[in-house]
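Visitor: Data: input.cif, mmCIF, C-alpha atoms.
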```
data_structure
#
loop_
_atom_site.label_atom_id
_atom_site.label_comp_id
_atom_site.auth_asym_id
_atom_site.auth_seq_id
_atom_site.Cartn_x
_atom_site.Cartn_y
_atom_site.Cartn_z
CA MET A 1 0.00 0.00 0.00
CA GLY A 2 1.36 3.38 -0.85
CA ARG A 3 -0.42 5.77 1.38
CA THR A 4 -0.05 7.29 4.82
CA ASN A 5 -3.72 7.43 5.56
CA THR A 6 -6.31 7.64 8.27
CA ARG A 7 -7.21 4.01 8.10
CA VAL A 8 -5.13 1.37 9.94
CA ARG A 9 -4.99 -1.48 7.39
CA TRP A 10 -4.04 -5.16 7.69
CA GLN A 11 -1.04 -6.26 5.66
CA MET A 12 1.50 -9.04 5.28
CA LEU A 13 4.03 -9.39 8.07
CA ALA A 14 7.08 -8.64 5.93
CA ALA A 15 5.60 -5.39 4.67
CA ALA A 16 4.48 -4.52 8.18
CA LEU A 17 7.97 -4.86 9.57
CA LEU A 18 9.48 -2.99 6.66
CA ALA A 19 7.08 -0.08 6.67
CA GLY A 20 6.34 0.12 10.39
CA ALA A 21 2.71 -0.93 10.23
CA ALA A 22 0.38 -0.58 13.20
CA LEU A 23 -2.20 -3.36 13.45
CA VAL A 24 -5.09 -2.62 15.76
CA GLY A 25 -8.38 -4.37 16.40
CA ALA A 26 -10.39 -2.25 18.80
CA VAL A 27 -14.18 -2.24 18.72
CA GLU A 28 -15.85 1.03 17.75
CA THR A 29 -18.93 2.56 19.30
CA PRO A 30 -21.49 4.61 17.38
CA ALA A 31 -20.30 8.14 16.70
CA VAL A 32 -23.51 9.80 17.77
CA ALA A 33 -26.88 8.79 19.06
CA ASP A 34 -29.07 11.64 17.76
CA GLY A 35 -28.58 10.99 14.07
CA SER A 36 -26.35 14.02 13.51
CA ILE A 37 -22.96 13.25 12.00
CA ARG A 38 -21.97 16.90 12.04
CA ALA A 39 -22.46 17.03 15.81
CA ASP A 40 -19.64 14.53 16.27
CA GLN A 41 -17.11 16.27 14.01
CA TRP A 42 -15.17 17.70 16.93
CA HIS A 43 -12.41 19.15 14.76
CA LEU A 44 -14.83 21.57 13.07
CA ASP A 45 -15.91 22.94 16.42
CA ALA A 46 -12.33 23.15 17.68
CA MET A 47 -11.29 25.03 14.55
CA HIS A 48 -14.32 27.38 14.78
CA ALA A 49 -15.60 26.37 11.37
CA SER A 50 -18.92 28.18 11.69
CA GLU A 51 -17.06 31.46 12.23
CA MET A 52 -14.70 30.78 9.33
CA TRP A 53 -17.54 30.02 6.96
CA LYS A 54 -18.89 33.54 7.44
CA ILE A 55 -15.71 34.69 5.67
CA SER A 56 -14.86 31.82 3.35
CA LYS A 57 -16.05 28.34 2.42
CA GLY A 58 -13.44 27.89 -0.28
CA ASP A 59 -15.73 28.85 -3.16
CA GLY A 60 -14.03 29.07 -6.53
CA ILE A 61 -11.07 26.87 -5.54
CA THR A 62 -10.38 23.37 -6.82
CA VAL A 63 -8.47 20.84 -4.74
CA ALA A 64 -7.07 17.85 -6.60
CA VAL A 65 -7.20 14.71 -4.46
CA ILE A 66 -4.83 11.95 -5.54
CA ASP A 67 -6.13 8.70 -4.09
CA GLY A 68 -7.46 5.20 -4.74
CA GLY A 69 -10.97 6.07 -5.91
CA PHE A 70 -14.05 8.07 -4.91
CA LYS A 71 -17.69 7.38 -4.11
CA MET A 72 -19.05 10.24 -6.15
CA ASP A 73 -22.70 9.55 -5.35
CA HIS A 74 -22.37 9.84 -1.58
CA PRO A 75 -25.11 12.27 -0.44
CA ASP A 76 -22.55 14.55 1.21
CA LEU A 77 -20.38 14.64 -1.93
CA VAL A 78 -22.89 14.85 -4.78
CA GLY A 79 -22.09 17.99 -6.76
CA GLN A 80 -18.67 18.41 -5.15
CA PHE A 81 -16.68 16.53 -7.81
CA LEU A 82 -15.40 17.73 -11.15
CA PRO A 83 -14.75 15.22 -13.96
CA GLY A 84 -11.64 13.32 -12.91
CA MET A 85 -8.99 11.07 -14.38
CA ASP A 86 -7.93 7.50 -13.71
CA PHE A 87 -4.19 6.75 -13.74
CA SER A 88 -4.46 3.44 -11.91
CA GLY A 89 -5.02 1.06 -14.78
CA SER A 90 -7.41 -0.86 -12.52
CA PRO A 91 -11.03 -1.68 -13.31
CA GLY A 92 -13.93 0.45 -12.16
CA GLY A 93 -12.74 3.94 -13.02
CA VAL A 94 -12.50 7.04 -10.85
CA GLY A 95 -15.88 6.41 -9.23
CA PHE A 96 -14.88 3.00 -7.88
CA ASP A 97 -13.40 3.27 -4.38
CA PRO A 98 -12.84 -0.26 -3.03
CA GLU A 99 -11.30 0.85 0.24
CA GLY A 100 -12.97 4.22 0.83
CA HIS A 101 -9.89 6.30 1.57
CA GLY A 102 -10.32 8.74 -1.30
CA THR A 103 -13.95 9.27 -0.36
CA GLN A 104 -12.92 10.08 3.19
CA MET A 105 -10.34 12.63 2.11
CA ALA A 106 -12.80 14.33 -0.23
CA SER A 107 -15.32 14.44 2.61
CA LEU A 108 -12.89 16.05 5.05
CA ILE A 109 -12.07 18.71 2.48
CA ALA A 110 -15.38 19.48 0.79
CA GLY A 111 -18.23 17.50 2.36
CA SER A 112 -21.48 19.43 2.00
CA GLY A 113 -23.31 17.89 4.97
CA LYS A 114 -26.47 17.65 2.84
CA ALA A 115 -27.33 14.16 4.06
CA LYS A 116 -29.56 13.64 7.08
CA GLY A 117 -31.35 16.94 6.54
CA GLY A 118 -28.15 18.96 6.70
CA ASN A 119 -26.66 16.94 9.55
CA GLY A 120 -24.29 14.87 7.44
CA ALA A 121 -20.51 15.16 7.27
CA TYR A 122 -19.08 18.56 6.46
CA GLY A 123 -15.69 19.32 5.06
CA LEU A 124 -13.59 22.17 6.37
CA ALA A 125 -14.04 23.94 3.01
CA PRO A 126 -17.52 22.95 1.78
CA GLY A 127 -17.40 25.44 -1.09
CA VAL A 128 -14.43 23.70 -2.72
CA LYS A 129 -14.67 21.51 -5.81
CA ILE A 130 -12.72 18.26 -5.86
CA LEU A 131 -10.76 17.07 -8.89
CA PRO A 132 -10.63 13.29 -8.29
CA LEU A 133 -7.46 11.65 -9.59
CA LYS A 134 -7.28 7.90 -9.10
CA ILE A 135 -4.04 5.97 -8.65
CA SER A 136 -3.32 2.39 -7.69
CA ASN A 137 -2.34 2.25 -4.03
CA GLY A 138 -2.20 -1.48 -3.50
CA THR A 139 -5.89 -2.30 -3.53
CA ASP A 140 -5.66 -4.45 -6.63
CA GLY A 141 -2.57 -6.43 -5.75
CA ALA A 142 1.12 -6.08 -5.01
CA LEU A 143 2.23 -2.53 -5.61
CA VAL A 144 5.44 -1.75 -7.43
CA SER A 145 7.01 1.42 -6.07
CA ALA A 146 7.78 2.72 -9.56
CA ASP A 147 4.09 2.37 -10.49
CA PHE A 148 2.98 4.20 -7.36
CA ILE A 149 5.44 7.07 -7.73
CA GLY A 150 4.91 7.23 -11.48
CA GLN A 151 1.14 7.49 -11.13
CA ILE A 152 1.44 10.22 -8.51
CA GLY A 153 3.69 12.11 -10.92
CA GLN A 154 1.16 11.72 -13.74
CA ALA A 155 -1.66 12.89 -11.50
CA ILE A 156 0.29 15.94 -10.33
CA THR A 157 1.13 16.88 -13.91
CA TYR A 158 -2.52 16.57 -14.92
CA ALA A 159 -3.70 18.67 -11.98
CA VAL A 160 -1.24 21.43 -12.84
CA GLU A 161 -2.38 21.38 -16.46
CA GLN A 162 -5.94 21.93 -15.23
CA GLY A 163 -4.81 24.98 -13.26
CA VAL A 164 -5.48 23.42 -9.85
CA LYS A 165 -4.32 25.49 -6.89
CA VAL A 166 -4.08 22.82 -4.17
CA ILE A 167 -3.02 19.19 -4.66
CA ASN A 168 -3.77 16.82 -1.78
CA ILE A 169 -1.73 13.61 -1.53
CA SER A 170 -2.76 11.64 1.55
CA GLN A 171 -0.45 8.88 0.40
CA GLY A 172 3.11 7.79 0.97
CA ILE A 173 5.67 5.11 0.33
CA SER A 174 8.67 4.31 2.49
CA ALA A 175 11.93 5.63 1.09
CA VAL A 176 13.55 2.22 1.53
CA ARG A 177 11.12 0.82 -1.05
CA THR A 178 11.89 3.35 -3.77
CA SER A 179 14.64 3.78 -6.32
CA PRO A 180 16.64 7.04 -6.47
CA SER A 181 15.75 7.49 -10.12
CA ASP A 182 12.00 7.18 -9.49
CA VAL A 183 12.18 9.61 -6.59
CA ALA A 184 14.30 12.06 -8.60
CA LYS A 185 11.72 12.02 -11.40
CA LEU A 186 8.87 12.70 -8.98
CA ASN A 187 10.94 15.42 -7.33
CA SER A 188 11.34 17.15 -10.70
CA ILE A 189 7.60 16.98 -11.36
CA ILE A 190 6.84 18.47 -7.95
CA ALA A 191 9.35 21.27 -8.54
CA MET A 192 7.61 22.00 -11.83
CA ALA A 193 4.23 22.08 -10.14
CA ARG A 194 5.42 24.54 -7.51
CA ALA A 195 7.05 26.70 -10.17
CA LYS A 196 3.69 26.88 -11.93
CA GLY A 197 1.93 27.99 -8.77
CA SER A 198 0.40 24.85 -7.25
CA LEU A 199 0.66 24.01 -3.56
CA ILE A 200 1.30 20.32 -2.90
CA VAL A 201 0.25 18.98 0.50
CA SER A 202 1.14 15.44 1.58
CA SER A 203 1.07 13.27 4.69
CA VAL A 204 4.37 12.47 6.41
CA GLY A 205 3.32 9.02 7.60
CA ASN A 206 2.05 7.11 10.61
CA SER A 207 5.02 4.95 11.56
CA ALA A 208 6.62 7.08 14.28
CA GLN A 209 6.54 4.11 16.64
CA SER A 210 7.84 1.58 14.16
CA GLY A 211 10.88 3.01 12.48
CA ASN A 212 9.82 6.55 11.61
CA LEU A 213 11.12 5.90 8.10
CA VAL A 214 11.03 8.80 5.68
CA GLU A 215 8.15 8.59 3.21
CA TYR A 216 7.66 10.12 -0.22
CA PRO A 217 6.24 12.41 -1.46
CA GLY A 218 5.74 13.91 2.01
CA ALA A 219 9.48 14.33 2.64
CA LEU A 220 10.38 15.82 -0.73
CA PRO A 221 11.33 19.47 -1.23
CA ASN A 222 8.49 21.74 -2.37
CA VAL A 223 5.95 19.57 -0.53
CA VAL A 224 4.06 20.68 2.58
CA GLY A 225 4.54 17.66 4.86
CA VAL A 226 1.72 17.32 7.40
CA GLY A 227 1.68 15.68 10.83
CA ALA A 228 -1.26 14.88 13.10
CA VAL A 229 -2.30 16.18 16.51
CA GLY A 230 -4.97 14.95 18.88
CA ARG A 231 -7.66 16.78 20.80
CA ASP A 232 -4.94 17.78 23.27
CA VAL A 233 -3.12 19.57 20.41
CA ILE A 234 -0.08 17.35 20.90
CA ALA A 235 1.45 15.30 18.10
CA THR A 236 -0.11 11.85 18.03
CA ALA A 237 2.05 8.86 18.82
CA GLU A 238 1.78 7.53 15.26
CA SER A 239 2.55 10.82 13.49
CA GLN A 240 6.05 10.72 12.07
CA GLN A 241 8.65 13.21 13.22
CA GLY A 242 11.44 15.03 11.47
CA PRO A 243 12.38 18.06 9.38
CA GLN A 244 9.86 17.03 6.74
CA VAL A 245 6.98 18.08 9.03
CA ILE A 246 5.93 21.58 7.96
CA LEU A 247 2.47 21.88 9.54
CA ALA A 248 0.08 19.81 11.62
CA ALA A 249 -3.69 19.47 11.97
CA PRO A 250 -6.22 17.31 13.85
CA GLY A 251 -5.91 13.61 13.08
CA VAL A 252 -7.82 11.52 15.65
CA ASP A 253 -11.47 10.50 15.95
CA MET A 254 -12.24 11.99 12.56
CA ILE A 255 -15.79 11.43 11.30
CA GLU A 256 -16.32 11.58 7.56
CA ALA A 257 -18.27 10.19 4.65
CA CYS A 258 -17.05 6.78 3.49
CA THR A 259 -18.03 3.74 1.45
CA GLY A 260 -19.11 1.57 4.39
CA PRO A 261 -22.66 0.29 4.94
CA THR A 262 -23.67 3.26 7.11
CA GLY A 263 -21.98 5.80 4.85
CA TYR A 264 -19.83 7.24 7.66
CA CYS A 265 -16.57 6.17 9.27
CA LYS A 266 -14.28 7.13 12.12
CA SER A 267 -10.58 7.28 11.28
CA HIS A 268 -7.22 8.71 12.29
CA GLY A 269 -3.79 9.52 10.90
CA THR A 270 -1.76 12.04 8.98
CA SER A 271 -3.93 11.52 5.90
CA ASP A 272 -6.82 13.21 7.68
CA SER A 273 -4.56 16.02 8.84
CA THR A 274 -3.32 16.53 5.30
CA ALA A 275 -6.87 16.95 4.03
CA LEU A 276 -7.48 19.65 6.63
CA VAL A 277 -4.34 21.56 5.66
CA SER A 278 -5.36 21.40 2.00
CA ALA A 279 -8.80 22.69 2.93
CA SER A 280 -7.24 25.48 5.00
CA ALA A 281 -5.17 26.60 2.02
CA ALA A 282 -8.30 26.61 -0.14
CA LEU A 283 -10.18 28.76 2.37
CA ILE A 284 -7.45 31.39 2.24
CA TRP A 285 -6.98 31.26 -1.53
CA SER A 286 -10.70 31.73 -2.04
CA ILE A 287 -10.46 35.18 -0.46
CA HIS A 288 -7.01 36.15 -1.74
CA ARG A 289 -7.12 35.03 -5.36
CA ASP A 290 -4.04 37.04 -6.34
CA TRP A 291 -1.79 35.40 -3.76
CA SER A 292 0.83 32.89 -4.79
CA ALA A 293 1.31 29.44 -3.27
CA ASN A 294 4.25 30.86 -1.31
CA GLN A 295 2.06 33.57 0.19
CA VAL A 296 -0.74 31.19 1.12
CA LEU A 297 1.75 28.85 2.78
CA ARG A 298 3.49 31.73 4.55
CA VAL A 299 0.21 32.90 6.07
CA LEU A 300 -0.64 29.37 7.16
CA ILE A 301 2.75 29.14 8.86
CA ASN A 302 2.63 32.60 10.40
CA THR A 303 -0.83 32.08 11.88
CA ALA A 304 -0.28 28.49 13.04
CA GLY A 305 -0.43 27.64 16.73
CA LYS A 306 3.22 27.59 17.80
CA PRO A 307 5.02 25.13 20.10
CA THR A 308 5.17 26.29 23.71
CA ASP A 309 8.92 25.66 23.88
CA GLY A 310 9.53 28.93 22.07
CA SER A 311 11.00 27.30 18.97
CA VAL A 312 10.17 28.51 15.48
CA ARG A 313 9.44 24.90 14.57
CA ASN A 314 10.04 21.44 15.95
CA ASN A 315 10.02 17.94 14.55
CA ASP A 316 6.64 17.09 16.11
CA VAL A 317 4.34 19.68 14.53
CA GLY A 318 6.67 21.61 12.24
CA TYR A 319 5.83 25.31 12.28
CA GLY A 320 2.65 24.61 14.22
CA VAL A 321 -1.00 23.59 13.98
CA VAL A 322 -2.99 25.27 11.21
CA ARG A 323 -5.52 27.88 12.33
CA PRO A 324 -7.43 28.94 9.21
CA ARG A 325 -9.85 31.03 11.26
CA VAL A 326 -6.95 33.19 12.40
CA ALA A 327 -5.48 33.24 8.89
CA LEU A 328 -8.77 34.52 7.50
CA ALA A 329 -9.45 37.09 10.22
CA ASP A 330 -5.91 38.45 10.54
CA PRO A 331 -3.59 37.07 7.84
CA GLY A 332 -0.84 39.66 8.28
CA ASP A 333 1.76 40.29 5.62
CA PRO A 334 1.81 37.45 3.06
CA GLY A 335 5.35 38.40 2.07
CA PRO A 336 6.95 38.07 -1.36
CA ALA A 337 5.12 35.99 -3.94
CA ASP A 338 8.22 34.36 -5.36
CA VAL A 339 10.01 33.35 -2.16
CA SER A 340 9.16 30.16 -0.30
CA PRO A 341 8.66 30.51 3.46
CA VAL A 342 10.30 27.10 3.93
CA PRO A 343 14.09 26.79 3.51
CA ALA A 344 14.85 24.90 0.31
CA ALA A 345 16.35 21.43 0.66
CA GLU A 346 19.55 20.94 -1.32
CA THR A 347 19.09 17.21 -1.84
CA VAL A 348 16.35 14.65 -1.79
CA PRO A 349 16.01 13.31 1.80
CA SER A 350 17.75 10.03 2.49
CA ALA A 351 15.98 6.77 3.18
CA SER A 352 17.21 6.68 6.76
CA PRO A 353 14.80 7.17 9.66
CA SER A 354 14.12 10.83 10.34
CA ALA A 355 15.53 10.87 13.85
CA PRO A 356 15.03 13.94 16.05
CA ALA A 357 17.72 16.54 15.57
CA SER A 358 18.05 17.31 19.27
CA PRO A 359 16.00 17.22 22.48
CA SER A 360 15.11 20.87 21.99
CA ALA A 361 13.94 20.30 18.44
CA THR A 362 11.50 17.50 19.06
CA SER A 363 10.10 15.18 21.69
CA ALA A 364 8.71 11.72 22.20
CA PRO A 365 5.07 11.10 21.30
CA SER A 366 2.45 11.96 23.87
CA PRO A 367 0.75 9.34 26.02
CA SER A 368 -2.65 8.15 24.89
CA SER A 369 -4.74 5.05 24.62
CA ALA A 370 -4.47 3.01 21.46
CA VAL A 371 -6.21 4.65 18.52
CA PRO A 372 -8.82 2.30 17.05
CA SER A 373 -9.10 1.33 13.42
CA PRO A 374 -11.73 3.08 11.31
CA SER A 375 -15.17 1.54 11.32
CA ASP A 376 -18.60 2.27 10.03
CA VAL A 377 -20.39 4.76 12.22
CA ALA A 378 -23.76 3.14 12.67
CA VAL A 379 -25.86 5.93 14.11
CA GLY A 380 -27.98 4.60 16.92
CA ALA A 381 -26.88 1.03 16.19
CA PRO A 382 -24.82 -1.45 18.22
CA PRO A 383 -21.02 -1.20 18.03
CA VAL A 384 -19.43 -2.73 14.97
CA GLU A 385 -16.09 -4.37 14.43
CA PRO A 386 -13.55 -2.40 12.39
CA ARG A 387 -12.95 -3.67 8.90
CA ALA A 388 -9.62 -5.30 8.09
CA GLU A 389 -7.55 -2.66 6.34
CA LYS A 390 -4.07 -2.27 4.95
CA SER A 391 -1.77 -0.30 7.17
CA SER A 392 -1.97 3.43 7.34
CA GLY A 393 1.54 4.78 7.38
CA SER A 394 2.86 1.90 5.37
CA GLY A 395 5.00 2.27 2.32
CA GLY A 396 3.57 -0.03 -0.31
CA ALA A 397 1.81 -2.71 1.70
CA LEU A 398 0.81 -5.97 0.04
CA PRO A 399 -2.77 -7.28 0.36
CA VAL A 400 -3.38 -9.86 3.07
CA VAL A 401 -3.93 -13.40 1.90
CA ALA A 402 -5.79 -16.01 3.87
CA GLY A 403 -2.67 -17.98 4.70
CA VAL A 404 -1.06 -15.19 6.75
CA VAL A 405 -4.04 -13.93 8.70
CA GLY A 406 -3.49 -16.36 11.55
CA GLY A 407 0.15 -15.39 11.85
CA LEU A 408 -0.76 -11.73 12.06
CA VAL A 409 -2.96 -12.17 15.10
CA LEU A 410 0.00 -12.48 17.43
CA VAL A 411 1.79 -9.56 15.81
CA ALA A 412 -1.35 -7.45 16.08
CA GLY A 413 -1.57 -8.23 19.78
CA VAL A 414 2.03 -7.22 20.33
CA VAL A 415 1.63 -3.99 18.42
CA PHE A 416 -1.56 -3.23 20.33
CA VAL A 417 0.36 -3.51 23.59
CA VAL A 418 3.09 -1.27 22.23
CA LEU A 419 0.52 1.32 21.26
CA ARG A 420 -0.83 1.25 24.78
CA ARG A 421 2.63 2.11 26.10
CA ARG A 422 3.29 5.41 24.41
CA LYS A 423 6.05 7.53 25.79
CA ALA A 424 5.32 10.86 27.42
CA GLY A 425 6.89 14.14 26.39
CA GLY A 426 4.83 15.61 23.54
CA ARG A 427 4.41 19.36 23.85
CA PRO A 428 1.16 21.27 23.28
CA VAL A 429 1.26 24.17 20.85
CA VAL A 430 -0.30 26.61 23.32
CA PRO A 431 -0.23 26.94 27.12
CA PRO A 432 -2.68 24.59 28.87
CA GLY A 433 -6.15 26.01 29.28
CA GLU A 434 -6.03 28.31 26.27
CA ASP A 435 -7.99 27.78 23.07
CA PRO A 436 -5.35 26.56 20.60
CA TYR A 437 -7.24 27.76 17.54
CA VAL A 438 -7.62 31.43 18.50
CA ARG A 439 -5.13 34.10 19.42
#
```
Take the structure in the file and write it out as structure tokens.
Guide:
Amino acid sequence: MGRTNTRVRWQMLAAALLAGAALVGAVETPAVADGSIRADQWHLDAMHASEMWKISKGDGITVAVIDGGFKMDHPDLVGQFLPGMDFSGSPGGVGFDPEGHGTQMASLIAGSGKAKGGNGAYGLAPGVKILPLKISNGTDGALVSADFIGQIGQAITYAVEQGVKVINISQGISAVRTSPSDVAKLNSIIAMARAKGSLIVSSVGNSAQSGNLVEYPGALPNVVGVGAVGRDVIATAESQQGPQVILAAPGVDMIEACTGPTGYCKSHGTSDSTALVSASAALIWSIHRDWSANQVLRVLINTAGKPTDGSVRNNDVGYGVVRPRVALADPGDPGPADVSPVPAAETVPSASPSAPASPSATSAPSPSSAVPSPSDVAVGAPPVEPRAEKSSGSGGALPVVAGVVGGLVLVAGVVFVVLRRRKAGGRPVVPPGEDPYVR
């Protein structure tokens, strides 16, 4: 599997060990009991979405979502999609989403909430249009890294040709599973996209506890690498750390539209956080149409909730947690249009684990209970078991076959215990007691 997503997915043991997979089997409870999905989308309340929407809903901005397919007829997403393109070579076309991840990302960005009488799942930027670009991310069999990277490159090129402002890539592949030539080619395509004015946002990965291996495209220059924080505004234990982290956003207990029987799922991970950063950029760009990608990113960085240790950035949350409400209300000086606010990398990051630079630059993940796998949110129904999924945070996971399921049970139990023993030390981005999403 080639994505760093919100959904913890089952995979073969070899790929799990290589990519740092987290296998979890917790039982989910219903998200809400009153039939309102929106009421359980805590991140929208925390980020003061209703106040933001008085200024901007992202109207007039297109976000390209590069993922494994999209349920285009979901009630909360009808009318939100533009005609897309399929680069996967797999059957079913853009509108076939066998695992639901692409649908979830589209929902977090641009969900309209039209289902359930207006109580469905809302995206952070419900005025945005989604350009759905389908790639093969392991759903249809063993994934070759060159195919994965090549398809991402094709999708980025297509999005740029369509004049798309924001490109969301809630995907990733471990650097140890890629060839330098493939990565160099993708790096060149991304540089081209940035030169033509597109902002590329990608997840950094979910394997902080199992190797913290660098993942692409999230660790490449000219990409906004995104980490995840919990309700406590501390980097989650699974969110990868390192200099590739530019910004962070909520990434636990996320409720969104999906392809499951109930139509709604709960998920977690840097994929979700990436979708929220992409949506935040769209909200700003909708109001400031003449700004460049550099200026939009600079305002996101300048208005982000900063680490309490006084550092400009750290390896947990980068330059901080996005606060689009603040960026819309008081953006400040966007700075020069042709200068990136992020220091340029001289070389493509190595495949080695992105270890913390120093104690002052980063910290161990925060303590928390194990984060459950995504499951259908059956409103008012009994709890349901999470579906077996490929690993979020993996780099090119292979599909599980019946012969290895039994062997994974023990591994899953061990990993579950490890997840229950998270180290303390994560730092909040604001002093305790203060609202992290307002000044």
Visitor: Rounded to one decimal place, report the atom CA of Ser271 of chain A-atom CA of Ser203 of chain A distance in Å.
Guide: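 It comes out at 5.4 Å.
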Visitor: Can you list, as a PyMOL selection string, every protein, DNA or RNA residue that comes within 10 Å of Val94 of chain A when you count all atoms listed in the file, leaving out same-chain residues fewer than 4 positions away?
Guide: chain A and resi 67-72+83-88+90+102+132-135
Visitor: Convert the output of the PyMOL selection byres ((chain A and resi 285-289) around 10) on the shown file into explicit residues, formatted as a list in words.
Guide: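 Given this file, the PyMOL selection byres ((chain A and resi 285-289) around 10) evaluates to Ile55, Ser56, Lys57, Gly58, Asp59, Gly60, Ile61, Thr62, Ala125, Gly127, Val128, Lys165, Val166, Ala279, Ser280, Ala281, Ala282, Leu283, Ile284, Asp290, Trp291, Ser292, Ala293, Gln295, Val296 and Leu328 of chain A.
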Visitor: Just say which residues the PyMOL selection byres ((chain A and resi 252) around 10) picks in this file, as a list in words.
Guide: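 Written out, the selection comes to Thr6, Trp42, His43, Ala228, Val229, Gly230, Arg231, Thr236, Ala249, Pro250, Gly251, Asp253, Met254, Ile255, Lys266, Ser267, His268, Gly269, Thr270, Asp272, Ser273, Val371 and Pro372 of chain A.
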Visitor: Kindly indicate which residue among A:Gly197, A:Pro324, A:Gly163, A:Gly218 lies nearest to Val63 of chain A, using only C-alpha atoms for the distances.
Guide: A:Gly163
Visitor: Of the candidates A:Asn212, A:Thr259, A:Ser202, A:Thr103, which shows the shortest atom-to-atom distance to Ile167 of chain A, using all atoms listed in the file?
Guide: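 That would be A:Ser202, the residue with the smallest distance to Ile167 of chain A.
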Visitor: Could you tell me how far atom CA of Ser278 of chain A lies from atom CA of Gln209 of chain A, in Å and to one decimal?
Guide: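 Distance reported for this atom pair: 25.6 Å.
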Visitor: Would you compute the distance between atom CA of Asn314 of chain A and atom CA of Gln240 of chain A? Give it in Å to one decimal.
Guide: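 Interatomic distance, atom CA of Asn314 of chain A to atom CA of Gln240 of chain A: 12.1 Å.
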Visitor: With distances taken over only C-alpha atoms, which of A:Gly205, A:Gly113, A:Pro75, A:Pro243 is nearest to Gln171 of chain A?
Guide: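 Using only C-alpha atoms, the shortest distance to Gln171 of chain A belongs to A:Gly205.
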Visitor: For Gly153 of chain A, which residue among A:Pro307, A:Pro331, A:Pro336, A:Pro217 is the nearest when counting all atoms listed in the file?
Guide: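 Closest candidate: A:Pro217.
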Visitor: With a distance cut-off of 12 Å and all atoms listed in the file, select the neighbouring residues of Asp73 of chain A, excluding the residue or stretch itself and same-chain residues fewer than 3 positions from it, and output the selection as a list in words.
Guide: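 Returned residues: Phe70, Asp76, Leu77, Val78, Gly79, Gln80, Phe81, Val94, Gly95, Phe96, Asp97, Thr103, Ser107, Gly111, Ala115, Ala257, Cys258, Thr259 and Gly263 of chain A.
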Visitor: Got a sec: who's within 10 Å of Val312 of chain A, counting only C-alpha atoms, leaving out chain neighbours fewer than 6 positions off, as an mmCIF file with C-alpha atoms, in the frame of the given file?
Guide:
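This went into out.cif:
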```cif
data_model
loop_
_atom_site.group_PDB
_atom_site.id
_atom_site.type_symbol
_atom_site.label_atom_id
_atom_site.label_comp_id
_atom_site.auth_asym_id
_atom_site.auth_seq_id
_atom_site.Cartn_x
_atom_site.Cartn_y
_atom_site.Cartn_z
ATOM 1 C CA ILE A 301 2.750 29.140 8.860
ATOM 2 C CA ASN A 302 2.630 32.600 10.400
ATOM 3 C CA LYS A 306 3.220 27.590 17.800
ATOM 4 C CA GLY A 318 6.670 21.610 12.240
ATOM 5 C CA TYR A 319 5.830 25.310 12.280
ATOM 6 C CA GLY A 320 2.650 24.610 14.220
ATOM 7 C CA ALA A 361 13.940 20.300 18.440
#
```
